[in-house]
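Enquirer: The following file, start_36.cif, comprises mmCIF, C-alpha atoms and all ligand atoms:
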data_data
loop_
_atom_site.label_atom_id
_atom_site.label_comp_id
_atom_site.auth_asym_id
_atom_site.auth_seq_id
_atom_site.Cartn_x
_atom_site.Cartn_y
_atom_site.Cartn_z
CA MET M 7 67.92 131.09 74.80
CA THR M 8 70.49 132.90 72.69
CA SER M 9 72.16 134.22 75.81
CA ALA M 10 72.76 130.65 76.95
CA LEU M 11 74.00 129.70 73.48
CA PHE M 12 76.25 132.63 72.84
CA GLY M 13 77.23 133.66 76.34
CA ASP M 14 75.79 137.17 76.64
CA ASP M 15 77.01 137.11 80.22
CA LEU M 16 80.57 136.97 78.95
CA LEU M 17 79.92 139.72 76.42
CA GLU M 18 78.70 141.88 79.28
CA ARG M 19 81.82 141.10 81.27
CA PRO M 20 84.62 141.44 78.76
CA ARG M 21 88.24 140.58 79.46
CA ARG M 22 89.96 143.67 80.77
CA VAL M 23 93.32 145.11 81.76
CA VAL M 24 92.50 146.67 85.15
CA SER M 25 95.91 148.29 85.55
CA PRO M 26 99.23 147.60 83.83
CA GLY M 27 100.03 143.92 84.51
CA ALA M 28 96.63 143.18 86.07
CA VAL M 29 94.25 141.29 83.81
CA HIS M 30 90.72 140.03 84.52
CA VAL M 31 89.44 137.20 82.32
CA PRO M 32 85.80 136.36 83.19
CA GLY M 33 84.65 132.77 82.77
CA TRP M 34 88.09 131.41 81.98
CA LEU M 35 87.52 128.02 83.66
CA ARG M 36 84.73 125.91 82.18
CA PRO M 37 82.12 124.54 84.61
CA GLU M 38 83.55 121.00 84.39
CA GLN M 39 87.01 122.34 85.23
CA GLN M 40 85.59 124.31 88.15
CA SER M 41 83.80 121.31 89.57
CA TRP M 42 86.86 119.08 89.12
CA ILE M 43 88.97 121.61 91.01
CA ALA M 44 86.27 121.84 93.70
CA ASP M 45 86.65 118.06 94.16
CA ARG M 46 90.42 118.49 94.55
CA PHE M 47 89.75 121.25 97.09
CA ARG M 48 87.82 118.78 99.26
CA GLU M 49 90.79 116.39 99.10
CA TRP M 50 93.27 119.13 100.05
CA ALA M 51 91.08 120.27 102.91
CA ALA M 52 91.07 116.69 104.29
CA GLY M 53 94.72 117.09 105.26
CA PRO M 54 97.38 116.27 106.34
CA VAL M 55 97.06 119.98 107.15
CA PRO M 56 93.41 120.96 107.59
CA LEU M 57 91.79 124.20 106.50
CA ARG M 58 92.50 126.83 109.13
CA ALA M 59 91.94 130.50 109.81
CA ALA M 60 95.36 132.12 110.04
CA SER M 61 95.96 134.52 112.92
CA VAL M 62 97.19 137.92 111.93
CA ARG M 63 98.46 139.99 114.88
CA GLY M 64 96.26 138.01 117.25
CA HIS M 65 93.12 138.17 115.10
CA GLU M 66 91.77 135.15 113.29
CA MET M 67 91.10 135.77 109.62
CA SER M 68 87.49 135.14 108.55
CA VAL M 69 88.79 133.23 105.53
CA LYS M 70 90.01 129.65 105.97
CA THR M 71 93.08 128.54 104.05
CA VAL M 72 94.89 125.35 103.04
CA CYS M 73 98.21 125.51 101.21
CA LEU M 74 100.00 123.38 98.62
CA GLY M 75 103.75 123.20 98.09
CA TRP M 76 104.66 125.67 100.81
CA HIS M 77 102.62 126.57 103.86
CA TRP M 78 101.95 130.26 104.34
CA GLN M 79 101.59 131.82 107.75
CA PRO M 80 101.91 135.50 108.51
CA TYR M 81 104.46 136.41 107.15
CA ARG M 82 106.51 133.53 105.86
CA TYR M 83 106.52 130.22 104.02
CA SER M 84 107.63 126.86 105.39
CA ARG M 85 107.21 123.20 104.42
CA GLU M 86 105.61 122.31 107.74
CA ALA M 87 102.45 123.96 109.04
CA THR M 88 104.01 124.88 112.38
CA ASP M 89 101.08 127.13 113.30
CA VAL M 90 98.50 124.36 112.65
CA ASN M 91 99.52 120.76 113.39
CA GLY M 92 103.15 120.61 112.33
CA ALA M 93 102.43 118.34 109.37
CA ARG M 94 104.13 118.81 106.02
CA VAL M 95 101.89 120.38 103.41
CA LEU M 96 100.82 118.51 100.30
CA GLY M 97 103.03 118.79 97.24
CA PHE M 98 102.32 121.26 94.48
CA PRO M 99 100.64 119.28 91.67
CA ASP M 100 102.01 119.36 88.12
CA TRP M 101 98.57 120.09 86.69
CA LEU M 102 98.48 123.35 88.64
CA VAL M 103 101.81 124.37 87.10
CA ARG M 104 100.19 123.79 83.71
CA VAL M 105 97.14 125.81 84.73
CA GLY M 106 99.47 128.62 85.83
CA ARG M 107 101.25 128.63 82.46
CA LEU M 108 97.96 128.63 80.55
CA ALA M 109 96.73 131.47 82.76
CA LEU M 110 99.79 133.61 82.02
CA ALA M 111 99.52 132.88 78.30
CA GLU M 112 95.86 133.93 78.47
CA ALA M 113 96.60 137.12 80.40
CA TYR M 114 99.82 138.28 78.76
CA GLY M 115 100.04 136.23 75.54
CA GLU M 116 102.06 133.16 74.67
CA GLY M 117 105.78 133.44 75.18
CA GLU M 118 108.75 132.74 77.33
CA GLN M 119 107.30 134.19 80.52
CA ALA M 120 104.27 131.87 80.31
CA GLU M 121 106.38 128.84 79.34
CA ARG M 122 108.80 129.35 82.19
CA TYR M 123 106.27 130.24 84.88
CA THR M 124 106.62 127.66 87.67
CA PRO M 125 104.45 128.44 90.68
CA ASP M 126 105.50 126.44 93.74
CA THR M 127 102.82 127.40 96.26
CA ALA M 128 99.05 127.76 96.20
CA LEU M 129 97.01 129.46 98.89
CA VAL M 130 93.54 128.00 98.71
CA ASN M 131 90.98 130.11 100.51
CA LEU M 132 87.42 129.25 101.50
CA TYR M 133 85.00 132.12 102.10
CA ASP M 134 81.75 131.57 103.93
CA ASP M 135 78.92 134.10 103.64
CA GLN M 136 80.49 136.45 106.20
CA ALA M 137 84.11 136.17 105.18
CA ARG M 138 86.10 139.00 103.71
CA MET M 139 89.75 139.90 103.30
CA GLY M 140 91.19 143.28 104.18
CA MET M 141 93.38 145.27 101.82
CA HIS M 142 96.90 143.80 101.70
CA GLN M 143 99.85 143.18 99.44
CA ASP M 144 101.05 139.68 98.54
CA ARG M 145 104.67 140.27 99.42
CA ASP M 146 105.89 137.33 101.45
CA GLU M 147 107.35 135.89 98.24
CA ALA M 148 110.99 136.57 97.40
CA SER M 149 110.04 136.40 93.71
CA ARG M 150 108.10 139.07 91.86
CA GLU M 151 106.66 136.62 89.32
CA PRO M 152 102.91 137.17 88.75
CA VAL M 153 100.15 135.88 91.02
CA VAL M 154 97.43 133.83 89.28
CA SER M 155 94.01 133.89 90.98
CA LEU M 156 91.16 131.47 90.23
CA SER M 157 87.67 131.76 91.69
CA ILE M 158 84.98 129.10 92.11
CA GLY M 159 81.54 129.33 93.71
CA ASP M 160 79.85 132.50 94.93
CA SER M 161 80.82 135.78 93.30
CA CYS M 162 82.63 138.40 95.33
CA LEU M 163 83.37 142.07 95.28
CA PHE M 164 87.12 142.32 94.76
CA ARG M 165 88.95 145.57 95.33
CA PHE M 166 92.14 146.11 93.36
CA GLY M 167 94.16 149.16 94.25
CA ASN M 168 97.54 150.75 93.90
CA THR M 169 101.01 149.81 95.13
CA GLU M 170 101.39 152.73 97.55
CA THR M 171 98.43 152.77 99.93
CA ARG M 172 95.44 150.71 101.05
CA SER M 173 93.17 153.56 100.04
CA LYS M 174 92.18 155.18 96.76
CA PRO M 175 92.73 154.96 93.90
CA TYR M 176 91.25 151.48 93.64
CA GLU M 177 88.71 149.72 91.52
CA ASP M 178 85.94 147.37 92.63
CA LEU M 179 85.09 144.48 90.36
CA VAL M 180 83.06 141.30 90.61
CA LEU M 181 85.00 138.03 90.51
CA ALA M 182 82.58 135.26 89.56
CA SER M 183 82.93 131.49 89.38
CA GLY M 184 85.48 130.54 86.72
CA ASP M 185 87.12 133.97 86.57
CA LEU M 186 90.86 134.37 86.18
CA PHE M 187 92.69 137.37 87.58
CA VAL M 188 96.43 137.75 87.05
CA PHE M 189 98.53 140.45 88.64
CA GLY M 190 102.18 140.90 87.84
CA GLY M 191 104.66 143.45 86.55
CA PRO M 192 103.88 146.96 87.81
CA SER M 193 100.76 145.63 89.59
CA ARG M 194 102.45 142.76 91.39
CA LEU M 195 102.50 144.58 94.73
CA ALA M 196 99.15 146.33 94.39
CA PHE M 197 96.98 146.34 97.50
CA HIS M 198 93.87 144.20 97.07
CA GLY M 199 91.12 142.62 99.13
CA VAL M 200 87.68 141.05 99.13
CA GLN M 201 84.94 143.40 100.34
CA LYS M 202 82.19 140.81 100.47
CA THR M 203 80.83 137.72 98.80
CA PHE M 204 77.39 137.44 97.22
CA PRO M 205 75.76 134.41 98.86
CA GLY M 206 73.60 132.30 96.59
CA THR M 207 75.37 133.27 93.35
CA ALA M 208 77.40 130.06 92.87
CA PRO M 209 76.31 128.55 89.53
CA PRO M 210 74.68 125.11 89.92
CA ASP M 211 77.41 123.33 87.93
CA CYS M 212 80.53 124.83 89.56
CA GLY M 213 81.05 122.03 92.09
CA ILE M 214 80.25 123.84 95.34
CA ARG M 215 76.78 124.70 96.51
CA SER M 216 77.66 127.72 98.63
CA GLY M 217 80.69 129.73 99.60
CA ARG M 218 83.62 130.79 97.51
CA ILE M 219 86.94 129.11 96.79
CA ASN M 220 89.85 131.24 95.67
CA ILE M 221 93.19 129.78 94.64
CA THR M 222 96.26 131.95 94.21
CA LEU M 223 99.29 130.45 92.51
CA ARG M 224 102.59 132.08 93.41
CA VAL M 225 106.33 131.67 93.04
CA THR M 226 107.87 131.79 96.52
CA GLY M 227 111.37 132.37 95.18
CA ILE M 228 112.68 130.27 98.05
CA ASP M 229 115.89 128.54 97.12
CA ASP M 230 115.29 124.97 98.24
CA VAL M 231 118.90 123.88 97.63
CA SER M 232 119.94 124.71 101.19
CA THR M 233 117.15 122.47 102.49
CA ARG M 234 118.06 119.62 100.16
CA THR M 235 121.78 119.63 100.94
CA ALA M 236 121.36 120.35 104.64
CA GLY M 237 122.09 116.69 105.41
CA ARG M 238 125.73 117.14 104.25
CA GLY M 239 127.71 114.49 102.49
CA THR M 240 126.96 115.95 99.07
CA PRO M 241 129.91 115.09 96.85
O1 LIG N 301 90.07 135.73 97.38
C1 LIG N 301 90.61 136.49 96.58
O2 LIG N 301 90.13 136.77 95.49
C2 LIG N 301 91.93 137.12 96.94
C3 LIG N 301 92.74 136.29 97.89
C4 LIG N 301 94.01 136.96 98.27
O3 LIG N 301 94.21 138.12 98.05
C5 LIG N 301 95.06 136.20 98.96
O4 LIG N 301 94.88 135.00 99.25
O5 LIG N 301 96.12 136.78 99.23
FE FE N 302 96.31 138.58 98.28
#
Could I get this file's structure written as structure tokens?
Ligand SMILES: O=C(O)CCC(=O)C(=O)O
Ligand SMILES: [Fe+2]

Expert:
Amino acid sequence: MTSALFGDDLLERPRRVVSPGAVHVPGWLRPEQQSWIADRFREWAAGPVPLRAASVRGHEMSVKTVCLGWHWQPYRYSREATDVNGARVLGFPDWLVRVGRLALAEAYGEGEQAERYTPDTALVNLYDDQARMGMHQDRDEASREPVVSLSIGDSCLFRFGNTETRSKPYEDLVLASGDLFVFGGPSRLAFHGVQKTFPGTAPPDCGIRSGRINITLRVTGIDDVSTRTAGRGTP
């Protein structure tokens, strides 16, 4: 009873700086926010670019992804999903920019960095019970602004390592539904991956019954001016 009232689960999983610039905030999204985002996920997955497993060096990833703003494929960003169906990806919604700014303020404190943070792409991943993600760096962005990660649904075992190698030292932590994880600064290029999910752990009110959604907000650092003026005739 009191644990439901006073959130013992959150007391047991305190907010934590995992390494300099990498901050884990358990239970940051409220259940109604999680389930609202899960509804948006279903809209995004409906297209124009469907969820797809990206191919990395000829191997399909076990995770399925849909992108907003810019489409990611190994190892670049484009407006059109040329490796899927050629359609232009959905725009990056304003509310997600706001979420990104709130996330940075939560992780690093209020201030100019949080106010100015303007993510322009989101990689939205869906994990089924077997899916995992090998150790990698997020380094296809020209910008080194932080990555904001939001998790909804089943918990997972997340491995967060160092910037030099895929191997130790690293730390394994559980990312549960509603958790925020931000990595920037000296941890921006840390290797990380998802070892496994824990099927059946999605809370009943999170908006998905099974599986895990992870959203990473990023700043591509792509200068769009060349695209916009490519038609010439600009005075
Ligand atoms: O699912 C996660 O928590 C991490 C996802 C990730 O590392 C990525 O999309 O690059
Ligand atoms: Fe990543």

Enquirer: Could you list, as a list in words, all the residues within 8 Å of ligand LIG 301 (chain N), counting all atoms listed in the file?

Expert: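 Residues lying within 8 Å of ligand LIG 301 (chain N): Leu129, Val130, Asn131, Tyr133, Met139, His142, Gln143, Asp144, Ser155, Leu156, Ser157, Cys162, Phe164, Leu181, His198, Gly199, Val200, Ile219, Asn220, Ile221 and Thr222 of chain M.
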
Enquirer: Using all atoms listed in the file, find the one residue out of M:Tyr83, M:Trp42, M:Phe166, M:Tyr114 that sits nearest to M:Val225.

Expert: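 Selected residue with least distance to M:Val225: M:Tyr83.
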
Enquirer: Calculated over all atoms listed in the file, which of the candidates M:His77, M:Lys174, M:Arg165, M:Arg85 has the smallest distance to ligand FE 302 (chain N)?

Expert: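 The shortest atom-to-atom distance to ligand FE 302 (chain N) comes from M:Arg165.
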
Enquirer: Residues near stretch 29-37 of chain M, anyone? I mean within 10 Å using all atoms listed in the file, not counting same-chain ones fewer than 5 positions away, as number ranges by chain.

Expert: M: 13, 15-24, 42-43, 105, 109-110, 112-114, 154-158, 179-190, 193, 209-213

Enquirer: I want to know what sits within 9 Å of M:Ser216, based on all atoms listed in the file, with residues of the same chain fewer than 3 positions away left out; could you give that as a list of chain:residue names?

Expert: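 Residues near the query, excluding close chain neighbours: M:Asp134, M:Asp135, M:Gly159, M:Asp160, M:Pro205, M:Gly206, M:Thr207, M:Ala208.
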
Enquirer: Box in all listed atoms of stretch 156-170 of chain M, axis-aligned, with 3 Å more on each side; write out centre and edge lengths in Å to one decimal as JSON.

Expert:
{"center_x": 90.6, "center_y": 140.9, "center_z": 93.9, "size_x": 27.5, "size_y": 29.6, "size_z": 13.3}

Enquirer: Kindly indicate which residue among M:Tyr123, M:Gln136, M:Pro99, M:Tyr81 lies nearest to M:Thr203, using only C-alpha atoms for the distances.

Expert: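 Using only C-alpha atoms, M:Thr203 sits closest to M:Gln136.
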
Enquirer: Got a sec to check which residues sit within 8 Å of (102.5, 142.2, 90.8), counting only C-alpha atoms, and write them as a VMD selection string?

Expert: chain M and resid 27 to 28 150 to 153 189 to 196

Enquirer: Quote the spacing between atom CA of M:Met141 and atom CA of M:Thr71 in Å to one decimal place.

Expert: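 Atom CA of M:Thr71 lies 16.9 Å from atom CA of M:Met141.
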
Enquirer: Select, from M:Val72, M:Ala137, M:Ala87, M:Ile228, the residue with the minimum atom-to-atom distance to M:Leu163, counting only C-alpha atoms.

Expert: M:Ala137

Enquirer: Separation of atom CA of M:Gln40 and atom CA of M:Arg218, in Å?

Expert: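 Between atom CA of M:Gln40 and atom CA of M:Arg218 the gap is 11.6 Å.
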
Enquirer: My list of candidates is M:Ala148, M:Ala111, M:Leu57, M:Val69. Which is closest to ligand FE 302 (chain N) when distances are computed with all atoms listed in the file?

Expert: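 Checking each candidate against ligand FE 302 (chain N), we get M:Val69 as the closest.
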
Enquirer: What is the atom CA of M:Gly167 to atom CA of M:Glu66 distance in Å?

Expert: 23.8 Å

Enquirer: Using all atoms listed in the file, pick whichever of M:Trp50, M:Phe197, M:Trp76, M:Phe98 has the shortest atom-to-atom distance to ligand FE 302 (chain N).

Expert: M:Phe197

Enquirer: Tell me which protein, DNA and RNA residues are within 12 Å of M:Asn91, counting all atoms listed in the file, leaving out same-chain ones fewer than 6 positions away, and put them as a ChimeraX atom specification.

Expert: /M:53-58,77

Enquirer: Next, write the just-selected residues to a file, as a short mmCIF file (atom, residue, chain, number, x, y, z; two decimals), in the frame of the given file, keeping C-alpha atoms as the atom set.

Expert:
data_model
loop_
_atom_site.label_atom_id
_atom_site.label_comp_id
_atom_site.auth_asym_id
_atom_site.auth_seq_id
_atom_site.Cartn_x
_atom_site.Cartn_y
_atom_site.Cartn_z
CA GLY M 53 94.72 117.09 105.26
CA PRO M 54 97.38 116.27 106.34
CA VAL M 55 97.06 119.98 107.15
CA PRO M 56 93.41 120.96 107.59
CA LEU M 57 91.79 124.20 106.50
CA ARG M 58 92.50 126.83 109.13
CA HIS M 77 102.62 126.57 103.86
#

Enquirer: Using the block above, I'd like stretch 23-49 of chain M written out, keeping C-alpha atoms and formatting it as a CSV table (one decimal), in the first residue's frame.

Expert:
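The resulting file, result_28.csv, is shown below:
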chain,number,residue,atom,x,y,z
M,23,VAL,CA,25.1,9.7,-12.9
M,24,VAL,CA,26.4,6.5,-14.6
M,25,SER,CA,29.5,8.2,-16.0
M,26,PRO,CA,30.3,11.9,-16.6
M,27,GLY,CA,27.6,13.2,-18.9
M,28,ALA,CA,25.5,10.0,-18.7
M,29,VAL,CA,22.4,10.3,-16.4
M,30,HIS,CA,19.7,7.7,-15.7
M,31,VAL,CA,16.4,9.0,-14.4
M,32,PRO,CA,14.0,6.1,-13.5
M,33,GLY,CA,10.3,6.7,-14.0
M,34,TRP,CA,10.7,10.1,-15.6
M,35,LEU,CA,7.6,9.7,-17.9
M,36,ARG,CA,4.3,9.3,-16.1
M,37,PRO,CA,2.1,6.3,-17.2
M,38,GLU,CA,-0.3,8.6,-19.1
M,39,GLN,CA,2.6,10.2,-20.9
M,40,GLN,CA,4.0,6.8,-21.8
M,41,SER,CA,0.7,5.5,-23.1
M,42,TRP,CA,0.1,8.7,-25.1
M,43,ILE,CA,3.5,8.3,-26.7
M,44,ALA,CA,2.8,4.6,-27.4
M,45,ASP,CA,-0.3,5.8,-29.4
M,46,ARG,CA,1.9,8.2,-31.4
M,47,PHE,CA,4.3,5.2,-32.0
M,48,ARG,CA,1.4,3.3,-33.7
M,49,GLU,CA,0.7,6.3,-35.9
